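Have a look at input.pdb; it's PDB, C-alpha atoms and all ligand atoms:
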```pdb
ATOM      1  CA  MET I   1      -6.825   3.682 -22.925
ATOM      2  CA  ASN I   2      -9.610   1.872 -21.066
ATOM      3  CA  LYS I   3     -13.021   1.895 -22.644
ATOM      4  CA  GLU I   4     -16.175   3.077 -20.851
ATOM      5  CA  LEU I   5     -19.557   1.416 -20.492
ATOM      6  CA  THR I   6     -22.710   2.776 -22.122
ATOM      7  CA  ILE I   7     -26.102   1.113 -21.746
ATOM      8  CA  ILE I   8     -28.545   1.678 -24.598
ATOM      9  CA  TYR I   9     -32.356   1.637 -24.241
ATOM     10  CA  PRO I  10     -35.256   1.557 -26.747
ATOM     11  CA  SER I  11     -37.215   4.659 -27.692
ATOM     12  CA  ILE I  12     -40.085   5.706 -29.947
ATOM     13  CA  PHE I  13     -40.186   9.267 -31.346
ATOM     14  CA  ASN I  14     -37.163  10.140 -29.166
ATOM     15  CA  GLU I  15     -39.022   9.067 -26.005
ATOM     16  CA  LEU I  16     -37.681   6.251 -23.856
ATOM     17  CA  THR I  17     -40.035   3.247 -24.061
ATOM     18  CA  SER I  18     -41.760   2.072 -20.915
ATOM     19  CA  PRO I  19     -40.886  -0.067 -18.889
ATOM     20  CA  TRP I  20     -37.194   0.651 -19.423
ATOM     21  CA  ASP I  21     -37.422   4.008 -17.626
ATOM     22  CA  THR I  22     -36.849   2.382 -14.214
ATOM     23  CA  GLU I  23     -33.526   0.973 -15.311
ATOM     24  CA  TYR I  24     -32.552   4.053 -17.290
ATOM     25  CA  ASN I  25     -32.947   6.128 -14.135
ATOM     26  CA  ILE I  26     -30.954   3.638 -12.068
ATOM     27  CA  ALA I  27     -28.108   3.776 -14.604
ATOM     28  CA  LYS I  28     -28.126   7.575 -14.575
ATOM     29  CA  GLU I  29     -28.136   7.708 -10.773
ATOM     30  CA  LEU I  30     -25.101   5.436 -10.748
ATOM     31  CA  GLY I  31     -23.305   7.674 -13.247
ATOM     32  CA  ILE I  32     -23.362   5.088 -16.069
ATOM     33  CA  ASN I  33     -23.478   6.530 -19.600
ATOM     34  CA  VAL I  34     -26.895   5.990 -21.177
ATOM     35  CA  CYS I  35     -28.090   6.392 -24.735
ATOM     36  CA  LEU I  36     -31.334   5.837 -26.652
ATOM     37  CA  PHE I  37     -31.860   4.052 -29.946
ATOM     38  CA  ASP I  38     -34.951   4.054 -32.119
ATOM     39  CA  GLU I  39     -36.933   0.830 -31.697
ATOM     40  CA  GLU I  40     -38.157   0.836 -35.317
ATOM     41  CA  THR I  41     -35.036   1.797 -37.252
ATOM     42  CA  LEU I  42     -32.432   0.677 -34.676
ATOM     43  CA  ASN I  43     -30.608   3.974 -35.260
ATOM     44  CA  ILE I  44     -28.647   5.397 -32.336
ATOM     45  CA  LEU I  45     -29.928   8.801 -31.217
ATOM     46  CA  LYS I  46     -27.541  11.700 -30.706
ATOM     47  CA  CYS I  47     -24.772   9.882 -28.808
ATOM     48  CA  ASP I  48     -21.091   9.714 -29.524
ATOM     49  CA  LEU I  49     -20.080   6.152 -28.719
ATOM     50  CA  THR I  50     -16.348   6.565 -29.320
ATOM     51  CA  ASP I  51     -14.420   4.165 -27.037
ATOM     52  CA  GLN I  52     -17.654   2.904 -25.500
ATOM     53  CA  VAL I  53     -18.501  -0.710 -24.774
ATOM     54  CA  ILE I  54     -22.239  -1.155 -25.233
ATOM     55  CA  ILE I  55     -24.728  -3.208 -23.317
ATOM     56  CA  TYR I  56     -28.179  -3.393 -24.857
ATOM     57  CA  ARG I  57     -31.322  -3.454 -22.696
ATOM     58  CA  GLY I  58     -34.609  -3.978 -24.456
ATOM     59  CA  TRP I  59     -37.003  -6.400 -26.075
ATOM     60  CA  MET I  60     -36.002  -9.615 -27.723
ATOM     61  CA  ILE I  61     -34.959  -8.757 -31.266
ATOM     62  CA  SER I  62     -34.005 -11.067 -34.129
ATOM     63  CA  ILE I  63     -30.391 -12.010 -34.646
ATOM     64  CA  GLN I  64     -30.489 -10.044 -37.924
ATOM     65  CA  ASP I  65     -31.620  -6.924 -36.050
ATOM     66  CA  TYR I  66     -28.997  -7.485 -33.362
ATOM     67  CA  ILE I  67     -26.324  -7.536 -36.088
ATOM     68  CA  LYS I  68     -27.807  -4.371 -37.624
ATOM     69  CA  LEU I  69     -27.808  -2.632 -34.222
ATOM     70  CA  SER I  70     -24.187  -3.717 -33.655
ATOM     71  CA  GLU I  71     -23.246  -2.176 -37.007
ATOM     72  CA  ASN I  72     -24.996   1.093 -36.142
ATOM     73  CA  ILE I  73     -23.057   1.157 -32.875
ATOM     74  CA  LYS I  74     -19.810   0.513 -34.710
ATOM     75  CA  LYS I  75     -20.499   3.463 -37.028
ATOM     76  CA  LYS I  76     -20.696   5.654 -33.900
ATOM     77  CA  GLY I  77     -17.372   4.332 -32.597
ATOM     78  CA  GLY I  78     -18.665   1.791 -30.071
ATOM     79  CA  VAL I  79     -18.565  -1.964 -29.744
ATOM     80  CA  MET I  80     -21.159  -4.406 -28.381
ATOM     81  CA  PHE I  81     -20.083  -6.141 -25.167
ATOM     82  CA  ILE I  82     -21.958  -9.262 -26.268
ATOM     83  CA  PRO I  83     -21.165 -10.344 -29.830
ATOM     84  CA  SER I  84     -24.075 -11.398 -32.022
ATOM     85  CA  GLU I  85     -23.180 -15.131 -32.003
ATOM     86  CA  GLN I  86     -23.396 -15.096 -28.198
ATOM     87  CA  TYR I  87     -26.711 -13.249 -28.278
ATOM     88  CA  LYS I  88     -28.143 -15.923 -30.560
ATOM     89  CA  LYS I  89     -26.695 -18.846 -28.617
ATOM     90  CA  ALA I  90     -27.883 -17.644 -25.202
ATOM     91  CA  ASN I  91     -31.516 -17.395 -26.266
ATOM     92  CA  THR I  92     -31.683 -20.656 -28.183
ATOM     93  CA  PHE I  93     -33.099 -23.442 -26.037
ATOM     94  CA  SER I  94     -31.613 -26.348 -28.023
ATOM     95  CA  ASN I  95     -28.213 -24.770 -27.529
ATOM     96  CA  TRP I  96     -28.111 -25.113 -23.742
ATOM     97  CA  TYR I  97     -30.489 -28.020 -23.113
ATOM     98  CA  ASN I  98     -28.029 -30.880 -23.652
ATOM     99  CA  LEU I  99     -25.389 -29.299 -21.463
ATOM    100  CA  LEU I 100     -27.826 -28.660 -18.608
ATOM    101  CA  ASN I 101     -30.437 -31.412 -18.979
ATOM    102  CA  ARG I 102     -29.742 -32.851 -15.521
ATOM    103  CA  TYR I 103     -30.886 -29.567 -13.911
ATOM    104  CA  THR I 104     -34.073 -29.008 -15.900
ATOM    105  CA  MET I 105     -37.303 -30.608 -17.163
ATOM    106  CA  LYS I 106     -36.862 -33.523 -19.574
ATOM    107  CA  SER I 107     -37.465 -32.219 -23.087
ATOM    108  CA  TYR I 108     -37.773 -33.498 -26.646
ATOM    109  CA  PHE I 109     -37.411 -31.671 -29.975
ATOM    110  CA  ILE I 110     -39.755 -32.962 -32.669
ATOM    111  CA  LYS I 111     -39.176 -31.836 -36.240
ATOM    112  CA  ASP I 112     -41.562 -34.295 -37.887
ATOM    113  CA  PHE I 113     -45.003 -33.215 -36.590
ATOM    114  CA  SER I 114     -46.553 -36.525 -37.700
ATOM    115  CA  LYS I 115     -44.576 -38.140 -34.844
ATOM    116  CA  LEU I 116     -46.160 -35.889 -32.192
ATOM    117  CA  ASP I 117     -48.989 -38.319 -31.425
ATOM    118  CA  ASP I 118     -46.453 -40.827 -30.023
ATOM    119  CA  TYR I 119     -45.791 -38.415 -27.129
ATOM    120  CA  PHE I 120     -49.416 -37.989 -26.080
ATOM    121  CA  ASN I 121     -50.155 -41.580 -25.021
ATOM    122  CA  ASP I 122     -52.111 -42.250 -21.829
ATOM    123  CA  GLY I 123     -53.415 -38.675 -21.518
ATOM    124  CA  LYS I 124     -49.943 -37.227 -21.026
ATOM    125  CA  GLU I 125     -49.641 -33.420 -21.204
ATOM    126  CA  TRP I 126     -46.611 -31.444 -22.365
ATOM    127  CA  PHE I 127     -45.356 -27.884 -22.006
ATOM    128  CA  VAL I 128     -44.817 -26.578 -25.560
ATOM    129  CA  LYS I 129     -42.073 -24.190 -26.719
ATOM    130  CA  ASP I 130     -40.210 -23.416 -29.889
ATOM    131  CA  ASP I 131     -36.479 -22.806 -29.739
ATOM    132  CA  LEU I 132     -36.955 -19.304 -28.296
ATOM    133  CA  LYS I 133     -40.231 -18.850 -26.457
ATOM    134  CA  SER I 134     -43.382 -20.371 -25.004
ATOM    135  CA  LEU I 135     -46.853 -18.863 -24.509
ATOM    136  CA  GLY I 136     -46.064 -18.722 -20.788
ATOM    137  CA  GLY I 137     -47.546 -20.785 -17.964
ATOM    138  CA  LYS I 138     -50.745 -22.822 -18.470
ATOM    139  CA  LYS I 139     -51.371 -21.437 -21.980
ATOM    140  CA  SER I 140     -48.388 -23.455 -23.228
ATOM    141  CA  ILE I 141     -49.678 -26.814 -21.975
ATOM    142  CA  ALA I 142     -51.003 -29.199 -24.639
ATOM    143  CA  LYS I 143     -53.189 -32.269 -24.091
ATOM    144  CA  ASN I 144     -52.794 -33.593 -27.648
ATOM    145  CA  SER I 145     -50.773 -33.110 -30.825
ATOM    146  CA  LYS I 146     -53.350 -30.741 -32.353
ATOM    147  CA  GLN I 147     -53.072 -28.410 -29.353
ATOM    148  CA  ALA I 148     -49.271 -28.659 -29.441
ATOM    149  CA  ILE I 149     -49.224 -27.496 -33.075
ATOM    150  CA  GLU I 150     -51.718 -24.690 -32.289
ATOM    151  CA  ILE I 151     -49.523 -23.453 -29.437
ATOM    152  CA  TYR I 152     -46.435 -23.667 -31.627
ATOM    153  CA  ASN I 153     -48.156 -21.686 -34.415
ATOM    154  CA  GLN I 154     -49.370 -19.086 -31.928
ATOM    155  CA  ILE I 155     -45.796 -18.615 -30.667
ATOM    156  CA  GLN I 156     -44.679 -17.940 -34.277
ATOM    157  CA  GLU I 157     -47.543 -15.455 -34.773
ATOM    158  CA  ASN I 158     -46.741 -13.570 -31.562
ATOM    159  CA  ARG I 159     -43.263 -12.753 -32.833
ATOM    160  CA  ASP I 160     -42.550 -10.212 -35.539
ATOM    161  CA  PHE I 161     -39.563 -12.160 -36.871
ATOM    162  CA  LYS I 162     -38.923 -15.682 -38.071
ATOM    163  CA  ILE I 163     -36.469 -18.118 -36.532
ATOM    164  CA  GLU I 164     -34.730 -21.228 -37.778
ATOM    165  CA  ASN I 165     -37.214 -24.111 -37.527
ATOM    166  CA  ASN I 166     -35.803 -26.502 -34.956
ATOM    167  CA  GLY I 167     -39.168 -28.131 -34.403
ATOM    168  CA  ILE I 168     -41.613 -28.253 -31.546
ATOM    169  CA  CYS I 169     -40.116 -28.653 -28.122
ATOM    170  CA  LEU I 170     -42.088 -30.730 -25.611
ATOM    171  CA  ARG I 171     -41.111 -30.380 -21.952
ATOM    172  CA  GLU I 172     -42.319 -32.469 -18.992
ATOM    173  CA  VAL I 173     -45.065 -30.518 -17.223
ATOM    174  CA  ILE I 174     -44.250 -29.744 -13.606
ATOM    175  CA  ASP I 175     -45.640 -27.413 -10.945
ATOM    176  CA  ILE I 176     -43.178 -24.572 -10.715
ATOM    177  CA  TYR I 177     -43.411 -21.911  -8.044
ATOM    178  CA  ASP I 178     -41.243 -19.278  -6.437
ATOM    179  CA  GLU I 179     -39.258 -18.571  -9.607
ATOM    180  CA  GLU I 180     -36.226 -16.362  -9.321
ATOM    181  CA  ARG I 181     -34.050 -14.711 -11.960
ATOM    182  CA  PHE I 182     -30.276 -14.682 -11.512
ATOM    183  CA  PHE I 183     -27.795 -12.697 -13.592
ATOM    184  CA  ALA I 184     -24.363 -14.186 -14.230
ATOM    185  CA  LEU I 185     -21.272 -12.473 -15.576
ATOM    186  CA  ASN I 186     -18.215 -14.550 -16.549
ATOM    187  CA  GLY I 187     -19.596 -17.591 -14.735
ATOM    188  CA  GLU I 188     -20.385 -15.805 -11.449
ATOM    189  CA  ILE I 189     -23.818 -14.882 -10.100
ATOM    190  CA  LEU I 190     -24.116 -11.141  -9.485
ATOM    191  CA  GLY I 191     -25.718  -9.565  -6.440
ATOM    192  CA  ILE I 192     -26.964 -10.780  -3.097
ATOM    193  CA  HIS I 193     -29.140 -13.885  -2.823
ATOM    194  CA  LEU I 194     -30.422 -15.273   0.445
ATOM    195  CA  ASP I 195     -31.275 -18.879  -0.441
ATOM    196  CA  LYS I 196     -27.905 -20.680  -0.250
ATOM    197  CA  ASP I 197     -28.980 -23.925  -1.991
ATOM    198  CA  ARG I 198     -30.493 -22.054  -4.861
ATOM    199  CA  LEU I 199     -27.466 -19.806  -5.202
ATOM    200  CA  LYS I 200     -25.238 -22.887  -5.278
ATOM    201  CA  LEU I 201     -27.262 -24.378  -8.144
ATOM    202  CA  ALA I 202     -27.309 -21.075 -10.025
ATOM    203  CA  ASN I 203     -23.521 -20.814  -9.668
ATOM    204  CA  GLN I 204     -22.988 -24.370 -10.945
ATOM    205  CA  ILE I 205     -25.125 -23.610 -13.991
ATOM    206  CA  ALA I 206     -23.446 -20.242 -14.571
ATOM    207  CA  LYS I 207     -19.968 -21.842 -14.524
ATOM    208  CA  LYS I 208     -20.950 -24.557 -16.989
ATOM    209  CA  ILE I 209     -22.455 -22.060 -19.391
ATOM    210  CA  PHE I 210     -19.384 -19.848 -19.206
ATOM    211  CA  GLU I 211     -16.868 -22.674 -19.557
ATOM    212  CA  LYS I 212     -18.622 -24.868 -22.109
ATOM    213  CA  LEU I 213     -20.682 -22.411 -24.151
ATOM    214  CA  ASN I 214     -18.518 -19.296 -23.653
ATOM    215  CA  LEU I 215     -21.508 -17.108 -22.864
ATOM    216  CA  VAL I 216     -20.319 -14.193 -20.742
ATOM    217  CA  PHE I 217     -23.505 -12.460 -19.602
ATOM    218  CA  ILE I 218     -26.709 -14.395 -19.084
ATOM    219  CA  SER I 219     -29.857 -14.744 -17.013
ATOM    220  CA  ILE I 220     -30.782 -17.990 -15.284
ATOM    221  CA  ASP I 221     -34.345 -18.663 -14.101
ATOM    222  CA  ILE I 222     -34.666 -21.128 -11.248
ATOM    223  CA  GLY I 223     -37.920 -22.283  -9.716
ATOM    224  CA  ARG I 224     -38.977 -24.734  -7.051
ATOM    225  CA  SER I 225     -40.770 -27.940  -7.821
ATOM    226  CA  GLU I 226     -41.626 -30.581  -5.233
ATOM    227  CA  LEU I 227     -39.274 -28.866  -2.791
ATOM    228  CA  LYS I 228     -36.402 -29.123  -5.245
ATOM    229  CA  ASN I 229     -34.754 -26.271  -7.141
ATOM    230  CA  ILE I 230     -35.011 -26.643 -10.889
ATOM    231  CA  LEU I 231     -33.633 -24.744 -13.878
ATOM    232  CA  VAL I 232     -36.439 -23.240 -15.977
ATOM    233  CA  GLU I 233     -34.659 -21.159 -18.592
ATOM    234  CA  VAL I 234     -31.419 -19.522 -19.656
ATOM    235  CA  GLY I 235     -31.293 -16.286 -21.674
ATOM    236  CA  ASP I 236     -29.138 -13.360 -22.720
ATOM    237  CA  PHE I 237     -28.861 -10.760 -19.923
ATOM    238  CA  GLN I 238     -29.689  -7.927 -22.285
ATOM    239  CA  ILE I 239     -33.263  -8.992 -22.985
ATOM    240  CA  SER I 240     -34.085 -10.487 -19.585
ATOM    241  CA  ASP I 241     -36.534  -8.061 -18.087
ATOM    242  CA  ILE I 242     -37.140  -7.389 -14.432
ATOM    243  CA  ASN I 243     -40.793  -8.029 -13.772
ATOM    244  CA  LYS I 244     -40.832  -9.304 -10.222
ATOM    245  CA  GLU I 245     -40.647  -7.667  -6.867
ATOM    246  CA  GLY I 246     -37.015  -7.655  -5.816
ATOM    247  CA  ASP I 247     -35.741  -7.648  -9.412
ATOM    248  CA  VAL I 248     -35.222  -3.876  -9.367
ATOM    249  CA  LYS I 249     -32.873  -4.266  -6.417
ATOM    250  CA  LYS I 250     -31.046  -6.992  -8.321
ATOM    251  CA  ILE I 251     -30.635  -4.891 -11.446
ATOM    252  CA  LYS I 252     -29.260  -2.082  -9.283
ATOM    253  CA  GLU I 253     -26.660  -4.472  -7.881
ATOM    254  CA  CYS I 254     -25.873  -5.640 -11.413
ATOM    255  CA  TYR I 255     -25.427  -2.119 -12.700
ATOM    256  CA  SER I 256     -23.138  -1.197  -9.766
ATOM    257  CA  ILE I 257     -20.937  -4.184 -10.619
ATOM    258  CA  LEU I 258     -20.998  -3.354 -14.337
ATOM    259  CA  LYS I 259     -19.891   0.185 -13.589
ATOM    260  CA  LYS I 260     -16.700  -1.108 -11.972
ATOM    261  CA  LEU I 261     -15.794  -3.345 -14.917
ATOM    262  CA  ILE I 262     -12.651  -2.448 -16.736
ATOM    263  CA  PHE I 263     -12.839  -3.090 -20.476
TER     264      PHE I 263
HETATM  265  N1  LIG I 301     -42.244 -27.656 -18.152
HETATM  266  C1  LIG I 301     -43.021 -26.750 -17.594
HETATM  267  N2  LIG I 301     -44.111 -27.109 -16.886
HETATM  268  C2  LIG I 301     -44.914 -26.175 -16.312
HETATM  269  N3  LIG I 301     -44.689 -24.854 -16.383
HETATM  270  C3  LIG I 301     -43.614 -24.421 -17.077
HETATM  271  C4  LIG I 301     -42.722 -25.340 -17.711
HETATM  272  N4  LIG I 301     -41.738 -24.652 -18.312
HETATM  273  C5  LIG I 301     -41.992 -23.364 -18.069
HETATM  274  N5  LIG I 301     -43.106 -23.189 -17.334
HETATM  275  C6  LIG I 301     -43.699 -21.903 -16.878
HETATM  276  O1  LIG I 301     -43.879 -21.050 -18.003
HETATM  277  C7  LIG I 301     -43.080 -19.877 -17.896
HETATM  278  C8  LIG I 301     -42.452 -19.541 -19.240
HETATM  279  O2  LIG I 301     -41.593 -20.599 -19.608
HETATM  280  P1  LIG I 301     -40.139 -20.335 -20.184
HETATM  281  O3  LIG I 301     -39.483 -21.660 -20.405
HETATM  282  O4  LIG I 301     -39.428 -19.380 -19.313
HETATM  283  O5  LIG I 301     -40.453 -19.743 -21.603
HETATM  284  P2  LIG I 301     -40.391 -18.261 -22.196
HETATM  285  O6  LIG I 301     -39.278 -18.339 -23.165
HETATM  286  O7  LIG I 301     -41.697 -18.076 -22.865
HETATM  287  O8  LIG I 301     -40.122 -17.288 -21.088
HETATM  288  C9  LIG I 301     -42.039 -20.193 -16.838
HETATM  289  O9  LIG I 301     -41.635 -19.019 -16.191
HETATM  290  C10 LIG I 301     -42.746 -21.196 -15.952
HETATM  291  O10 LIG I 301     -43.505 -20.542 -14.957
HETATM  292 MG    MG I 302     -38.960 -17.310 -19.497
END
```

Just give me the structure as structure tokens.
Amino acid sequence: MNKELTIIYPSIFNELTSPWDTEYNIAKELGINVCLFDEETLNILKCDLTDQVIIYRGWMISIQDYIKLSENIKKKGGVMFIPSEQYKKANTFSNWYNLLNRYTMKSYFIKDFSKLDDYFNDGKEWFVKDDLKSLGGKKSIAKNSKQAIEIYNQIQENRDFKIENNGICLREVIDIYDEERFFALNGEILGIHLDKDRLKLANQIAKKIFEKLNLVFISIDIGRSELKNILVEVGDFQISDINKEGDVKKIKECYSILKKLIF
């Protein structure tokens, strides 16, 4: 027997959490099974998930919580479409950087913070991340090692879970504009995209990630810098939100394709 798709969304006190309502309604309109889970406890609310394949949509959660959620789903008879190892791999920067370094900003991982000063010669600035997140935009740009450590510490404080310490990541600062989020399933970009060059790059990246890292469902952010398309970030589809104009249309296209998948 074929399995069916259910998409699960976060809730608090049995109420769907904003901003996931837009997507929840799209899924319902398309006739996709939907179900809520409690954001705090990760318990599944009143759904029978027998023979269901589950896609999670929600905030970034720790790998430990993702495993816990997967277990709760299993207890209800369902199975996660994206296994926990893939969830972890997709969101970890150091995991995809080496494979894709020719498409993205040059980056360095520094574990020994006493070596940071070596990177800030001649007034050079760096974009600071840890292995999961940045502070976003200008707030993540450091002019010296002290600022880099402050940004790094702030990133840790902003998150309610701890991650493996893979050091501070310094990325070449570039002017990025016109960023676009692509969703890729099994190495193919989903939905309609008008810019052919950009789509070509996104497809190349999607194929590499699928073939070399075995990640089945991801998001790929591509921006423009000095008239050239450039890879900004890769992430797990499930926690890649839709915050730009046009993204809602894209998620609708994604959901329509997901609905036709045979598991
Ligand atoms: N190297 C960089 N130089 C300048 N801006 C950057 C750089 N890297 C990222 N950004 C900007 O910061 C935003 C957040 O960076 P991103 O790598 O996506 O981290 P996050 O994990 O926090 O989303 C990007 O969408 C982009 O606009
Ligand atoms: Mg990002």

**Prompt:** Once the PyMOL selection byres (((not hetatm)) within 10 of (chain I and resi 301)) has been applied to the shown file, what residues remain in the selection, as a ChimeraX atom specification?
**Reply:** /I:91-93,104-107,125-141,155,170-181,220-223,225,231-235,240

**Asked** Can you tell me how far CA of Lys252 (chain I) sits from CA of Ile26 (chain I), in Å to one decimal?
**Response**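 Rounded to one decimal, the two atoms are 6.6 Å apart.
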
**Prompt:** Hey, what's within 10 Å of region 203-210 of chain I if we count only C-alpha atoms and toss same-chain stuff fewer than 2 positions away? As a PyMOL selection string, please?
**Reply:** chain I and resi 90+96+99-100+103+182-190+197-201+212-220+231+234

**Asked** What is the CA of Gln52 (chain I)-CA of Gly78 (chain I) distance in Å, reported with one decimal?
**Response** 4.8 Å

**Fill in**
Atom pair CA of Gly167 (chain I) + CA of Lys111 (chain I), distance 4.1 Å

**Request:** List the residues matched by the PyMOL selection byres (((chain I and resi 28-34) around 12) and not hetatm) in the displayed structure as number ranges by chain, ordered by chain and then by residue number.
**Result:** I: 3-10, 16, 20-27, 35-37, 44-49, 51-57, 251-261
